[in-house]
file start_5.pdb (PDB, C-alpha atoms, pLDDT in the B column)
MODEL        1
ATOM      1  CA  MET A 709      40.903  14.840  -9.474  1.00 51.00           C
ATOM      2  CA  LYS A 710      38.415  17.577  -8.659  1.00 54.00           C
ATOM      3  CA  ALA A 711      35.862  15.961 -10.959  1.00 54.00           C
ATOM      4  CA  LEU A 712      36.411  12.638  -9.247  1.00 52.00           C
ATOM      5  CA  ALA A 713      35.787  14.242  -5.867  1.00 50.00           C
ATOM      6  CA  TYR A 714      32.495  15.616  -7.196  1.00 52.00           C
ATOM      7  CA  ASN A 715      31.592  12.111  -8.336  1.00 54.00           C
ATOM      8  CA  PHE A 716      32.097  10.732  -4.849  1.00 49.00           C
ATOM      9  CA  LEU A 717      30.058  13.599  -3.424  1.00 47.00           C
ATOM     10  CA  LEU A 718      27.270  12.740  -5.869  1.00 52.00           C
ATOM     11  CA  MET A 719      27.436   9.107  -4.777  1.00 51.00           C
ATOM     12  CA  ALA A 720      27.192  10.107  -1.130  1.00 47.00           C
ATOM     13  CA  VAL A 721      24.121  12.256  -1.844  1.00 48.00           C
ATOM     14  CA  LEU A 722      22.465   9.465  -3.825  1.00 49.00           C
ATOM     15  CA  ALA A 723      23.205   6.966  -1.069  1.00 49.00           C
ATOM     16  CA  GLY A 724      21.640   9.306   1.464  1.00 46.00           C
ATOM     17  CA  CYS A 725      18.436   9.526  -0.581  1.00 44.00           C
ATOM     18  CA  ALA A 726      18.047   5.791  -1.098  1.00 47.00           C
ATOM     19  CA  ASN A 727      15.183   3.630   0.224  1.00 55.00           C
ATOM     20  CA  LEU A 728      12.141   5.928   0.297  1.00 55.00           C
ATOM     21  CA  VAL A 729      10.055   2.787   0.885  1.00 75.00           C
ATOM     22  CA  CYS A 730      11.395   0.266   3.363  1.00 85.00           C
ATOM     23  CA  ASN A 731      12.201  -3.281   2.308  1.00 91.00           C
ATOM     24  CA  PHE A 732       9.844  -6.252   2.347  1.00 94.00           C
ATOM     25  CA  ASP A 733       8.953  -7.344   5.883  1.00 96.00           C
ATOM     26  CA  GLN A 734       7.875 -10.956   6.314  1.00 97.00           C
ATOM     27  CA  ASN A 735       6.314 -10.103   9.698  1.00 97.00           C
ATOM     28  CA  SER A 736       4.118  -7.425   8.127  1.00 98.00           C
ATOM     29  CA  TYR A 737       3.051  -9.690   5.275  1.00 98.00           C
ATOM     30  CA  ALA A 738       2.240 -12.647   7.529  1.00 98.00           C
ATOM     31  CA  ALA A 739       0.364 -10.425   9.991  1.00 98.00           C
ATOM     32  CA  ALA A 740      -1.757  -8.908   7.201  1.00 98.00           C
ATOM     33  CA  GLN A 741      -2.654 -12.381   5.930  1.00 98.00           C
ATOM     34  CA  ALA A 742      -3.508 -13.681   9.398  1.00 98.00           C
ATOM     35  CA  LEU A 743      -5.559 -10.602  10.332  1.00 98.00           C
ATOM     36  CA  LYS A 744      -7.424 -10.778   7.019  1.00 98.00           C
ATOM     37  CA  VAL A 745      -8.526 -14.333   7.788  1.00 98.00           C
ATOM     38  CA  GLU A 746      -9.406 -13.435  11.393  1.00 98.00           C
ATOM     39  CA  ALA A 747     -11.442 -10.384  10.373  1.00 98.00           C
ATOM     40  CA  SER A 748     -13.288 -12.346   7.717  1.00 98.00           C
ATOM     41  CA  ALA A 749     -14.183 -15.113  10.172  1.00 98.00           C
ATOM     42  CA  LEU A 750     -15.393 -12.608  12.752  1.00 98.00           C
ATOM     43  CA  MET A 751     -17.448 -10.566  10.276  1.00 98.00           C
ATOM     44  CA  ALA A 752     -19.218 -13.754   9.223  1.00 97.00           C
ATOM     45  CA  LYS A 753     -20.658 -13.859  12.763  1.00 97.00           C
ATOM     46  CA  ALA A 754     -21.890 -10.254  12.752  1.00 97.00           C
ATOM     47  CA  GLY A 755     -25.475 -11.372  12.183  1.00 95.00           C
ATOM     48  CA  GLU A 756     -25.440 -12.149  15.893  1.00 96.00           C
ATOM     49  CA  PRO A 757     -25.238  -9.562  18.721  1.00 96.00           C
ATOM     50  CA  ALA A 758     -21.752  -8.254  19.486  1.00 97.00           C
ATOM     51  CA  ALA A 759     -22.170  -9.270  23.127  1.00 95.00           C
ATOM     52  CA  SER A 760     -21.803 -12.913  22.080  1.00 95.00           C
ATOM     53  CA  HIS A 761     -18.423 -12.147  20.494  1.00 97.00           C
ATOM     54  CA  GLN A 762     -17.105  -9.380  22.725  1.00 96.00           C
ATOM     55  CA  ALA A 763     -13.852 -11.147  23.594  1.00 97.00           C
ATOM     56  CA  ALA A 764     -13.062 -11.926  19.950  1.00 98.00           C
ATOM     57  CA  ILE A 765     -13.836  -8.359  18.833  1.00 98.00           C
ATOM     58  CA  THR A 766     -11.648  -6.892  21.561  1.00 97.00           C
ATOM     59  CA  ALA A 767      -8.838  -9.330  20.774  1.00 98.00           C
ATOM     60  CA  LEU A 768      -8.941  -8.434  17.080  1.00 98.00           C
ATOM     61  CA  ARG A 769      -9.067  -4.716  17.885  1.00 98.00           C
ATOM     62  CA  VAL A 770      -5.940  -5.056  20.069  1.00 98.00           C
ATOM     63  CA  LYS A 771      -4.088  -6.948  17.328  1.00 98.00           C
ATOM     64  CA  LEU A 772      -5.071  -4.322  14.720  1.00 98.00           C
ATOM     65  CA  ASP A 773      -3.910  -1.459  16.937  1.00 98.00           C
ATOM     66  CA  ALA A 774      -0.632  -3.281  17.622  1.00 98.00           C
ATOM     67  CA  GLN A 775      -0.096  -3.842  13.900  1.00 98.00           C
ATOM     68  CA  LEU A 776      -0.739  -0.164  13.135  1.00 98.00           C
ATOM     69  CA  ALA A 777       1.782   0.839  15.819  1.00 98.00           C
ATOM     70  CA  TYR A 778       4.294  -1.626  14.335  1.00 98.00           C
ATOM     71  CA  GLU A 779       3.846  -0.216  10.821  1.00 97.00           C
ATOM     72  CA  GLN A 780       4.013   3.390  12.050  1.00 97.00           C
ATOM     73  CA  GLY A 781       7.206   2.606  13.959  1.00 97.00           C
ATOM     74  CA  LYS A 782       9.115   1.399  10.901  1.00 95.00           C
ATOM     75  CA  ALA A 783      11.286   3.922   9.062  1.00 94.00           C
ATOM     76  CA  HIS A 784      10.273   4.879   5.504  1.00 93.00           C
ATOM     77  CA  ASN A 785       6.910   3.148   5.879  1.00 96.00           C
ATOM     78  CA  ALA A 786       4.422   6.036   5.860  1.00 95.00           C
ATOM     79  CA  ILE A 787       2.452   4.711   2.881  1.00 96.00           C
ATOM     80  CA  SER A 788       1.812   1.236   4.302  1.00 97.00           C
ATOM     81  CA  ALA A 789       1.069   2.727   7.717  1.00 97.00           C
ATOM     82  CA  LYS A 790      -1.517   5.046   6.133  1.00 97.00           C
ATOM     83  CA  GLN A 791      -3.187   2.068   4.458  1.00 98.00           C
ATOM     84  CA  TRP A 792      -3.481   0.300   7.816  1.00 98.00           C
ATOM     85  CA  GLU A 793      -4.870   3.485   9.352  1.00 98.00           C
ATOM     86  CA  ILE A 794      -7.605   3.737   6.700  1.00 98.00           C
ATOM     87  CA  LEU A 795      -8.525   0.078   7.123  1.00 98.00           C
ATOM     88  CA  ILE A 796      -8.854   0.074  10.911  1.00 98.00           C
ATOM     89  CA  SER A 797      -9.878   3.634  11.794  1.00 98.00           C
ATOM     90  CA  PRO A 798     -13.378   3.940  13.343  1.00 98.00           C
ATOM     91  CA  GLU A 799     -13.612   7.270  11.499  1.00 97.00           C
ATOM     92  CA  ARG A 800     -13.475   5.534   8.092  1.00 98.00           C
ATOM     93  CA  GLU A 801     -15.941   3.060   6.590  1.00 98.00           C
ATOM     94  CA  LEU A 802     -13.978  -0.181   6.513  1.00 98.00           C
ATOM     95  CA  LEU A 803     -13.080  -2.664   9.274  1.00 98.00           C
ATOM     96  CA  GLY A 804     -12.570  -0.198  12.145  1.00 98.00           C
ATOM     97  CA  LYS A 805     -15.958   1.458  11.692  1.00 98.00           C
ATOM     98  CA  PHE A 806     -17.680  -1.877  11.185  1.00 98.00           C
ATOM     99  CA  LEU A 807     -16.352  -3.250  14.473  1.00 98.00           C
ATOM    100  CA  LYS A 808     -17.329  -0.049  16.273  1.00 98.00           C
ATOM    101  CA  ASP A 809     -20.871  -0.107  14.860  1.00 98.00           C
ATOM    102  CA  TRP A 810     -21.241  -3.754  15.842  1.00 98.00           C
ATOM    103  CA  GLN A 811     -20.035  -3.081  19.389  1.00 97.00           C
ATOM    104  CA  ASP A 812     -22.358  -0.063  19.589  1.00 97.00           C
ATOM    105  CA  GLY A 813     -25.269  -2.443  19.102  1.00 96.00           C
ATOM    106  CA  LYS A 814     -26.043  -1.898  15.430  1.00 95.00           C
ATOM    107  CA  THR A 815     -27.589  -4.764  13.526  1.00 93.00           C
ATOM    108  CA  PHE A 816     -26.822  -5.412   9.881  1.00 97.00           C
ATOM    109  CA  ASP A 817     -28.729  -6.772   6.909  1.00 97.00           C
ATOM    110  CA  ALA A 818     -27.244 -10.005   5.528  1.00 97.00           C
ATOM    111  CA  ALA A 819     -26.566  -8.452   2.115  1.00 98.00           C
ATOM    112  CA  TYR A 820     -24.723  -5.548   3.724  1.00 98.00           C
ATOM    113  CA  LEU A 821     -22.527  -7.964   5.690  1.00 98.00           C
ATOM    114  CA  VAL A 822     -21.531  -9.773   2.498  1.00 98.00           C
ATOM    115  CA  GLU A 823     -20.630  -6.546   0.707  1.00 98.00           C
ATOM    116  CA  LYS A 824     -18.779  -4.986   3.650  1.00 98.00           C
ATOM    117  CA  ALA A 825     -16.761  -8.184   4.112  1.00 98.00           C
ATOM    118  CA  LYS A 826     -15.739  -7.960   0.427  1.00 97.00           C
ATOM    119  CA  GLN A 827     -14.608  -4.366   0.948  1.00 98.00           C
ATOM    120  CA  VAL A 828     -12.546  -5.252   4.020  1.00 98.00           C
ATOM    121  CA  SER A 829     -10.976  -8.177   2.161  1.00 98.00           C
ATOM    122  CA  ARG A 830     -10.104  -5.851  -0.719  1.00 96.00           C
ATOM    123  CA  GLY A 831      -8.519  -3.413   1.747  1.00 98.00           C
ATOM    124  CA  TYR A 832      -6.255  -6.153   3.075  1.00 98.00           C
ATOM    125  CA  ASP A 833      -5.384  -7.093  -0.514  1.00 97.00           C
ATOM    126  CA  GLU A 834      -4.143  -3.539  -1.140  1.00 96.00           C
ATOM    127  CA  ILE A 835      -1.862  -3.772   1.904  1.00 98.00           C
ATOM    128  CA  LEU A 836      -0.579  -7.195   0.821  1.00 98.00           C
ATOM    129  CA  HIS A 837      -0.081  -6.024  -2.779  1.00 95.00           C
ATOM    130  CA  LEU A 838       2.181  -3.155  -1.704  1.00 96.00           C
ATOM    131  CA  GLU A 839       4.076  -5.148   0.937  1.00 97.00           C
ATOM    132  CA  GLY A 840       4.654  -7.984  -1.527  1.00 96.00           C
ATOM    133  CA  ALA A 841       6.097  -5.588  -4.106  1.00 94.00           C
ATOM    134  CA  LYS A 842       8.746  -4.211  -1.753  1.00 94.00           C
ATOM    135  CA  GLN A 843      12.356  -5.152  -2.407  1.00 87.00           C
ATOM    136  CA  GLN A 844      13.619  -8.260  -0.608  1.00 85.00           C
TER     137      GLN A 844
ATOM    138  CA  MET B 482      48.047   8.302 -16.363  1.00 53.00           C
ATOM    139  CA  SER B 483      44.869  10.071 -17.520  1.00 62.00           C
ATOM    140  CA  PHE B 484      41.291   9.090 -18.141  1.00 64.00           C
ATOM    141  CA  ASP B 485      38.342  10.567 -20.017  1.00 73.00           C
ATOM    142  CA  ILE B 486      36.267  12.093 -17.197  1.00 73.00           C
ATOM    143  CA  SER B 487      33.775  13.729 -19.561  1.00 77.00           C
ATOM    144  CA  GLY B 488      33.281  10.389 -21.310  1.00 77.00           C
ATOM    145  CA  ILE B 489      32.682   8.665 -17.971  1.00 72.00           C
ATOM    146  CA  LEU B 490      30.197  11.319 -16.881  1.00 74.00           C
ATOM    147  CA  GLY B 491      28.482  11.113 -20.283  1.00 78.00           C
ATOM    148  CA  ASN B 492      28.040   7.361 -19.844  1.00 75.00           C
ATOM    149  CA  ILE B 493      26.654   7.847 -16.338  1.00 72.00           C
ATOM    150  CA  PHE B 494      24.145  10.516 -17.372  1.00 73.00           C
ATOM    151  CA  GLN B 495      23.036   8.619 -20.483  1.00 77.00           C
ATOM    152  CA  GLY B 496      22.536   5.510 -18.357  1.00 74.00           C
ATOM    153  CA  ALA B 497      20.523   7.508 -15.852  1.00 75.00           C
ATOM    154  CA  ILE B 498      18.341   9.027 -18.585  1.00 76.00           C
ATOM    155  CA  ASP B 499      17.686   5.622 -20.177  1.00 77.00           C
ATOM    156  CA  ALA B 500      16.841   4.092 -16.791  1.00 74.00           C
ATOM    157  CA  ALA B 501      14.514   6.985 -15.907  1.00 75.00           C
ATOM    158  CA  LYS B 502      12.686   6.667 -19.242  1.00 76.00           C
ATOM    159  CA  GLU B 503      12.266   2.935 -18.756  1.00 77.00           C
ATOM    160  CA  VAL B 504      10.916   3.411 -15.224  1.00 74.00           C
ATOM    161  CA  ALA B 505       8.514   6.161 -16.307  1.00 75.00           C
ATOM    162  CA  GLN B 506       7.095   3.984 -19.085  1.00 78.00           C
ATOM    163  CA  LYS B 507       6.744   1.004 -16.753  1.00 77.00           C
ATOM    164  CA  MET B 508       5.034   3.140 -14.086  1.00 75.00           C
ATOM    165  CA  ILE B 509       2.547   4.609 -16.577  1.00 77.00           C
ATOM    166  CA  LYS B 510       1.720   1.132 -17.882  1.00 78.00           C
ATOM    167  CA  GLU B 511       1.227  -0.321 -14.393  1.00 77.00           C
ATOM    168  CA  ALA B 512      -0.739   2.669 -13.088  1.00 74.00           C
ATOM    169  CA  THR B 513      -3.059   2.510 -16.093  1.00 77.00           C
ATOM    170  CA  ALA B 514      -3.549  -1.237 -15.667  1.00 78.00           C
ATOM    171  CA  ASP B 515      -4.212  -0.923 -11.932  1.00 75.00           C
ATOM    172  CA  ALA B 516      -6.620   2.007 -12.387  1.00 74.00           C
ATOM    173  CA  THR B 517      -8.498   0.048 -15.056  1.00 80.00           C
ATOM    174  CA  GLU B 518      -8.609  -3.003 -12.789  1.00 78.00           C
ATOM    175  CA  PHE B 519      -9.891  -0.923  -9.862  1.00 78.00           C
ATOM    176  CA  VAL B 520     -12.622   0.747 -11.916  1.00 78.00           C
ATOM    177  CA  SER B 521     -13.674  -2.587 -13.417  1.00 81.00           C
ATOM    178  CA  ALA B 522     -13.896  -3.982  -9.875  1.00 80.00           C
ATOM    179  CA  ILE B 523     -15.929  -1.137  -8.373  1.00 84.00           C
ATOM    180  CA  LEU B 524     -18.417  -0.675 -11.212  1.00 87.00           C
ATOM    181  CA  PRO B 525     -20.129  -4.051 -10.639  1.00 91.00           C
ATOM    182  CA  ALA B 526     -20.053  -3.330  -6.885  1.00 94.00           C
ATOM    183  CA  LEU B 527     -21.776   0.004  -7.445  1.00 93.00           C
ATOM    184  CA  GLY B 528     -24.440  -1.731  -9.517  1.00 94.00           C
ATOM    185  CA  ARG B 529     -24.993  -4.315  -6.785  1.00 96.00           C
ATOM    186  CA  TYR B 530     -25.349  -1.649  -4.081  1.00 97.00           C
ATOM    187  CA  VAL B 531     -27.973   0.206  -6.105  1.00 96.00           C
ATOM    188  CA  GLU B 532     -29.892  -3.021  -6.728  1.00 97.00           C
ATOM    189  CA  LEU B 533     -29.709  -4.005  -3.051  1.00 97.00           C
ATOM    190  CA  LEU B 534     -31.008  -0.592  -2.022  1.00 97.00           C
ATOM    191  CA  ALA B 535     -33.780  -0.648  -4.629  1.00 97.00           C
ATOM    192  CA  SER B 536     -34.900  -4.104  -3.488  1.00 98.00           C
ATOM    193  CA  LYS B 537     -34.674  -2.976   0.154  1.00 97.00           C
ATOM    194  CA  GLN B 538     -32.136  -5.640   1.034  1.00 98.00           C
ATOM    195  CA  ILE B 539     -30.007  -2.891   2.591  1.00 98.00           C
ATOM    196  CA  THR B 540     -30.956   0.370   4.300  1.00 97.00           C
ATOM    197  CA  ILE B 541     -30.036   3.821   3.032  1.00 97.00           C
ATOM    198  CA  GLU B 542     -27.539   4.063   5.903  1.00 97.00           C
ATOM    199  CA  GLU B 543     -25.902   0.800   4.828  1.00 97.00           C
ATOM    200  CA  PHE B 544     -25.836   2.031   1.224  1.00 97.00           C
ATOM    201  CA  LYS B 545     -24.023   5.183   2.336  1.00 97.00           C
ATOM    202  CA  SER B 546     -21.566   3.093   4.352  1.00 98.00           C
ATOM    203  CA  LEU B 547     -20.790   0.951   1.304  1.00 97.00           C
ATOM    204  CA  MET B 548     -20.296   4.026  -0.878  1.00 97.00           C
ATOM    205  CA  MET B 549     -17.942   5.573   1.685  1.00 96.00           C
ATOM    206  CA  GLY B 550     -16.155   2.230   1.915  1.00 97.00           C
ATOM    207  CA  LEU B 551     -15.523   2.380  -1.832  1.00 95.00           C
ATOM    208  CA  LYS B 552     -14.045   5.842  -1.402  1.00 94.00           C
ATOM    209  CA  ASP B 553     -11.699   4.544   1.312  1.00 96.00           C
ATOM    210  CA  LEU B 554     -10.690   1.639  -0.907  1.00 96.00           C
ATOM    211  CA  GLY B 555      -9.939   4.115  -3.688  1.00 94.00           C
ATOM    212  CA  GLN B 556      -7.572   5.944  -1.334  1.00 95.00           C
ATOM    213  CA  MET B 557      -5.893   2.689  -0.350  1.00 96.00           C
ATOM    214  CA  ALA B 558      -5.428   1.783  -4.023  1.00 93.00           C
ATOM    215  CA  ALA B 559      -3.960   5.237  -4.737  1.00 92.00           C
ATOM    216  CA  LEU B 560      -1.532   4.741  -1.837  1.00 94.00           C
ATOM    217  CA  SER B 561      -0.522   1.382  -3.324  1.00 93.00           C
ATOM    218  CA  GLN B 562       0.237   3.148  -6.613  1.00 91.00           C
ATOM    219  CA  ALA B 563       2.311   5.804  -4.840  1.00 91.00           C
ATOM    220  CA  GLY B 564       4.231   3.098  -2.967  1.00 93.00           C
ATOM    221  CA  LEU B 565       4.847   1.051  -6.103  1.00 91.00           C
ATOM    222  CA  ALA B 566       6.119   4.162  -7.890  1.00 89.00           C
ATOM    223  CA  GLU B 567       8.528   4.882  -5.042  1.00 88.00           C
ATOM    224  CA  ILE B 568       9.759   1.292  -5.127  1.00 89.00           C
ATOM    225  CA  GLU B 569      10.535   1.635  -8.850  1.00 84.00           C
ATOM    226  CA  VAL B 570      12.355   4.932  -8.255  1.00 83.00           C
ATOM    227  CA  ASP B 571      14.379   3.309  -5.452  1.00 81.00           C
ATOM    228  CA  LYS B 572      15.310   0.385  -7.718  1.00 80.00           C
ATOM    229  CA  THR B 573      16.495   2.804 -10.406  1.00 79.00           C
ATOM    230  CA  ARG B 574      18.395   4.926  -7.916  1.00 77.00           C
ATOM    231  CA  ASN B 575      20.158   1.864  -6.547  1.00 78.00           C
ATOM    232  CA  ALA B 576      21.034   0.659 -10.054  1.00 76.00           C
ATOM    233  CA  ILE B 577      22.488   4.064 -10.975  1.00 77.00           C
ATOM    234  CA  LEU B 578      24.381   4.237  -7.676  1.00 77.00           C
ATOM    235  CA  LYS B 579      25.861   0.797  -8.359  1.00 78.00           C
ATOM    236  CA  ALA B 580      26.897   1.834 -11.878  1.00 75.00           C
ATOM    237  CA  VAL B 581      28.416   5.121 -10.693  1.00 74.00           C
ATOM    238  CA  THR B 582      30.303   3.329  -7.924  1.00 78.00           C
ATOM    239  CA  GLY B 583      31.676   0.795 -10.400  1.00 77.00           C
ATOM    240  CA  ILE B 584      32.785   3.470 -12.873  1.00 72.00           C
ATOM    241  CA  ALA B 585      34.324   5.684 -10.176  1.00 72.00           C
ATOM    242  CA  LEU B 586      36.180   2.808  -8.512  1.00 76.00           C
ATOM    243  CA  GLY B 587      37.414   1.649 -11.905  1.00 75.00           C
ATOM    244  CA  ALA B 588      38.742   5.159 -12.601  1.00 71.00           C
ATOM    245  CA  VAL B 589      40.424   5.322  -9.178  1.00 72.00           C
ATOM    246  CA  SER B 590      42.077   1.943  -9.654  1.00 77.00           C
ATOM    247  CA  LYS B 591      43.594   3.237 -12.911  1.00 73.00           C
ATOM    248  CA  LEU B 592      45.027   6.247 -11.060  1.00 71.00           C
ATOM    249  CA  VAL B 593      46.773   4.308  -8.294  1.00 68.00           C
TER     250      VAL B 593
ENDMDL
END
call {"tool": "encode", "arguments": {"input": "start_5.pdb", "output": "structure tokens"}}
result
Amino acid sequence: MKALAYNFLLMAVLAGCANLVCNFDQNSYAAAQALKVEASALMAKAGEPAASHQAAITALRVKLDAQLAYEQGKAHNAISAKQWEILISPERELLGKFLKDWQDGKTFDAAYLVEKAKQVSRGYDEILHLEGAKQQ
Amino acid sequence: MSFDISGILGNIFQGAIDAAKEVAQKMIKEATADATEFVSAILPALGRYVELLASKQITIEEFKSLMMGLKDLGQMAALSQAGLAEIEVDKTRNAILKAVTGIALGAVSKLV
């Protein structure tokens, strides 16, 4: 009987350790897809001055910040949240920095815009890849 | 009424070892494939950046930004790998927990 009690204790410990990564979240997946499309469409216009697209840039920035807060607020979701942080931080060199540079008045060569858009798209793909692999 | 507790525990531990080995092999295979895929994706990009800089289609500042962007993407890919590994570990843990629960409940039902 003692051994059986130890078994149940072991089960309780294992149950307590379960789910290091949270389950699949349809909201997160759909948001990543939608924001990928929105970012791509906006970056395609970055040959023009930011002033012409100020409202769209601000709107996207708000949505990105909200998504990061959503991901950070979920339990057992540190890895996905970190990916979002890298993608949208103005301190990194992906979407967040690009939007900041554009708003700060920087102009970009056409070839650079194409390559940076590919990088941002790839960043979203990493987020989608991990979210899609989570358990249903 | 008695039951073979050491036999039950042996089955549980052997099952856990087999599951852990299977997961480790799967993770190594997937990590290797993903790393290969990432490198094969960034190498052409690196080549393009150098060509664009050489032909003055991008500035040195833009070149640096693209290189730093690759570094950030590398970190995101590494995070994906860490997340996928944790998902596999969770799946294994849940499978073992299910097996242990089944065996323990079976043993209890024999006792009562």
call {"tool": "atom_distance", "arguments": {"input": "start_5.pdb", "atom1": "atom CA of Arg800 of chain A", "atom2": "atom CA of Gly555 of chain B"}}
result
12.4 Å
call {"tool": "interface_residues", "arguments": {"input": "start_5.pdb", "of": "chain A", "to": "chain B", "cutoff": "6 Å", "atoms": "all atoms listed in the file", "output": "PyMOL selection string"}}
result
chain A and resi 727+791+801-802+817+838
call {"tool": "write_last_selection", "arguments": {"input": "start_5.pdb", "atoms": "C-alpha atoms", "output": "compact mmCIF listing (two decimals), in the frame of the given file"}}
result
# COMPACT_ATOMS: atom_id res chain seq x y z
CA ASN A 727 15.18 3.63 0.22
CA GLN A 791 -3.19 2.07 4.46
CA GLU A 801 -15.94 3.06 6.59
CA LEU A 802 -13.98 -0.18 6.51
CA ASP A 817 -28.73 -6.77 6.91
CA LEU A 838 2.18 -3.16 -1.70
call {"tool": "residues_around", "arguments": {"input": "start_5.pdb", "residues": "Val745 of chain A", "least_positions_apart": "2", "cutoff": "12 Å", "atoms": "all atoms listed in the file", "output": "number ranges by chain"}}
result
A: 738-743, 747-752, 768, 825, 828-829, 832-833
call {"tool": "closest_residue", "arguments": {"input": "start_5.pdb", "among": "A:Gln734, A:Ala818, A:Thr766, A:Asp773", "to": "Lys753 of chain A", "atoms": "only C-alpha atoms"}}
result
A:Ala818
call {"tool": "atom_distance", "arguments": {"input": "start_5.pdb", "atom1": "atom CA of Leu803 of chain A", "atom2": "atom CA of Val520 of chain B"}}
result
21.5 Å
call {"tool": "atom_distance", "arguments": {"input": "start_5.pdb", "atom1": "atom CA of Glu793 of chain A", "atom2": "atom CA of Ile835 of chain A"}}
result
10.8 Å
call {"tool": "resolve_selection", "arguments": {"input": "start_5.pdb", "expression": "the PyMOL selection byres ((chain A and resi 778-789) around 6)", "output": "PyMOL selection string"}}
result
chain A and resi 728-730+775-777+790-792
call {"tool": "axis_aligned_box", "arguments": {"input": "start_5.pdb", "around": "segment 546-553 of chain B", "padding_each_side": "8 Å", "output": "JSON"}}
result
{"center_x": -16.6, "center_y": 3.4, "center_z": 1.3, "size_x": 25.9, "size_y": 20.9, "size_z": 22.2}
call {"tool": "build_atoms", "arguments": {"input": "start_5.pdb", "residues": "segment 813-824 of chain A", "atoms": "N, CA, C and O atoms", "output": "PDB file, keeping the file's coordinate frame"}}
result
ATOM      1  N   GLY A 813     -23.943  -1.824  19.093  1.00 96.00           N
ATOM      2  CA  GLY A 813     -25.269  -2.443  19.102  1.00 96.00           C
ATOM      3  C   GLY A 813     -26.016  -2.389  17.787  1.00 96.00           C
ATOM      4  O   GLY A 813     -27.195  -2.767  17.724  1.00 96.00           O
ATOM      5  N   LYS A 814     -25.368  -1.935  16.730  1.00 95.00           N
ATOM      6  CA  LYS A 814     -26.043  -1.898  15.430  1.00 95.00           C
ATOM      7  C   LYS A 814     -26.259  -3.310  14.908  1.00 95.00           C
ATOM      8  O   LYS A 814     -25.429  -4.202  15.143  1.00 95.00           O
ATOM      9  N   THR A 815     -27.357  -3.482  14.197  1.00 93.00           N
ATOM     10  CA  THR A 815     -27.589  -4.764  13.526  1.00 93.00           C
ATOM     11  C   THR A 815     -27.470  -4.529  12.024  1.00 93.00           C
ATOM     12  O   THR A 815     -27.678  -3.407  11.546  1.00 93.00           O
ATOM     13  N   PHE A 816     -27.114  -5.568  11.310  1.00 97.00           N
ATOM     14  CA  PHE A 816     -26.822  -5.412   9.881  1.00 97.00           C
ATOM     15  C   PHE A 816     -27.669  -6.362   9.046  1.00 97.00           C
ATOM     16  O   PHE A 816     -27.912  -7.508   9.449  1.00 97.00           O
ATOM     17  N   ASP A 817     -28.070  -5.877   7.861  1.00 97.00           N
ATOM     18  CA  ASP A 817     -28.729  -6.772   6.909  1.00 97.00           C
ATOM     19  C   ASP A 817     -27.692  -7.753   6.357  1.00 97.00           C
ATOM     20  O   ASP A 817     -26.507  -7.412   6.223  1.00 97.00           O
ATOM     21  N   ALA A 818     -28.153  -8.947   6.007  1.00 97.00           N
ATOM     22  CA  ALA A 818     -27.244 -10.005   5.528  1.00 97.00           C
ATOM     23  C   ALA A 818     -26.486  -9.552   4.267  1.00 97.00           C
ATOM     24  O   ALA A 818     -25.283  -9.800   4.140  1.00 97.00           O
ATOM     25  N   ALA A 819     -27.206  -8.884   3.369  1.00 98.00           N
ATOM     26  CA  ALA A 819     -26.566  -8.452   2.115  1.00 98.00           C
ATOM     27  C   ALA A 819     -25.465  -7.424   2.384  1.00 98.00           C
ATOM     28  O   ALA A 819     -24.417  -7.433   1.735  1.00 98.00           O
ATOM     29  N   TYR A 820     -25.739  -6.553   3.355  1.00 98.00           N
ATOM     30  CA  TYR A 820     -24.723  -5.548   3.724  1.00 98.00           C
ATOM     31  C   TYR A 820     -23.474  -6.242   4.267  1.00 98.00           C
ATOM     32  O   TYR A 820     -22.343  -5.870   3.920  1.00 98.00           O
ATOM     33  N   LEU A 821     -23.662  -7.247   5.105  1.00 98.00           N
ATOM     34  CA  LEU A 821     -22.527  -7.964   5.690  1.00 98.00           C
ATOM     35  C   LEU A 821     -21.645  -8.579   4.606  1.00 98.00           C
ATOM     36  O   LEU A 821     -20.416  -8.516   4.669  1.00 98.00           O
ATOM     37  N   VAL A 822     -22.286  -9.152   3.601  1.00 98.00           N
ATOM     38  CA  VAL A 822     -21.531  -9.773   2.498  1.00 98.00           C
ATOM     39  C   VAL A 822     -20.697  -8.726   1.772  1.00 98.00           C
ATOM     40  O   VAL A 822     -19.503  -8.920   1.515  1.00 98.00           O
ATOM     41  N   GLU A 823     -21.333  -7.587   1.469  1.00 98.00           N
ATOM     42  CA  GLU A 823     -20.630  -6.546   0.707  1.00 98.00           C
ATOM     43  C   GLU A 823     -19.529  -5.876   1.539  1.00 98.00           C
ATOM     44  O   GLU A 823     -18.452  -5.580   1.017  1.00 98.00           O
ATOM     45  N   LYS A 824     -19.799  -5.639   2.803  1.00 98.00           N
ATOM     46  CA  LYS A 824     -18.779  -4.986   3.650  1.00 98.00           C
ATOM     47  C   LYS A 824     -17.583  -5.926   3.845  1.00 98.00           C
ATOM     48  O   LYS A 824     -16.427  -5.479   3.850  1.00 98.00           O
TER      49      LYS A 824
END
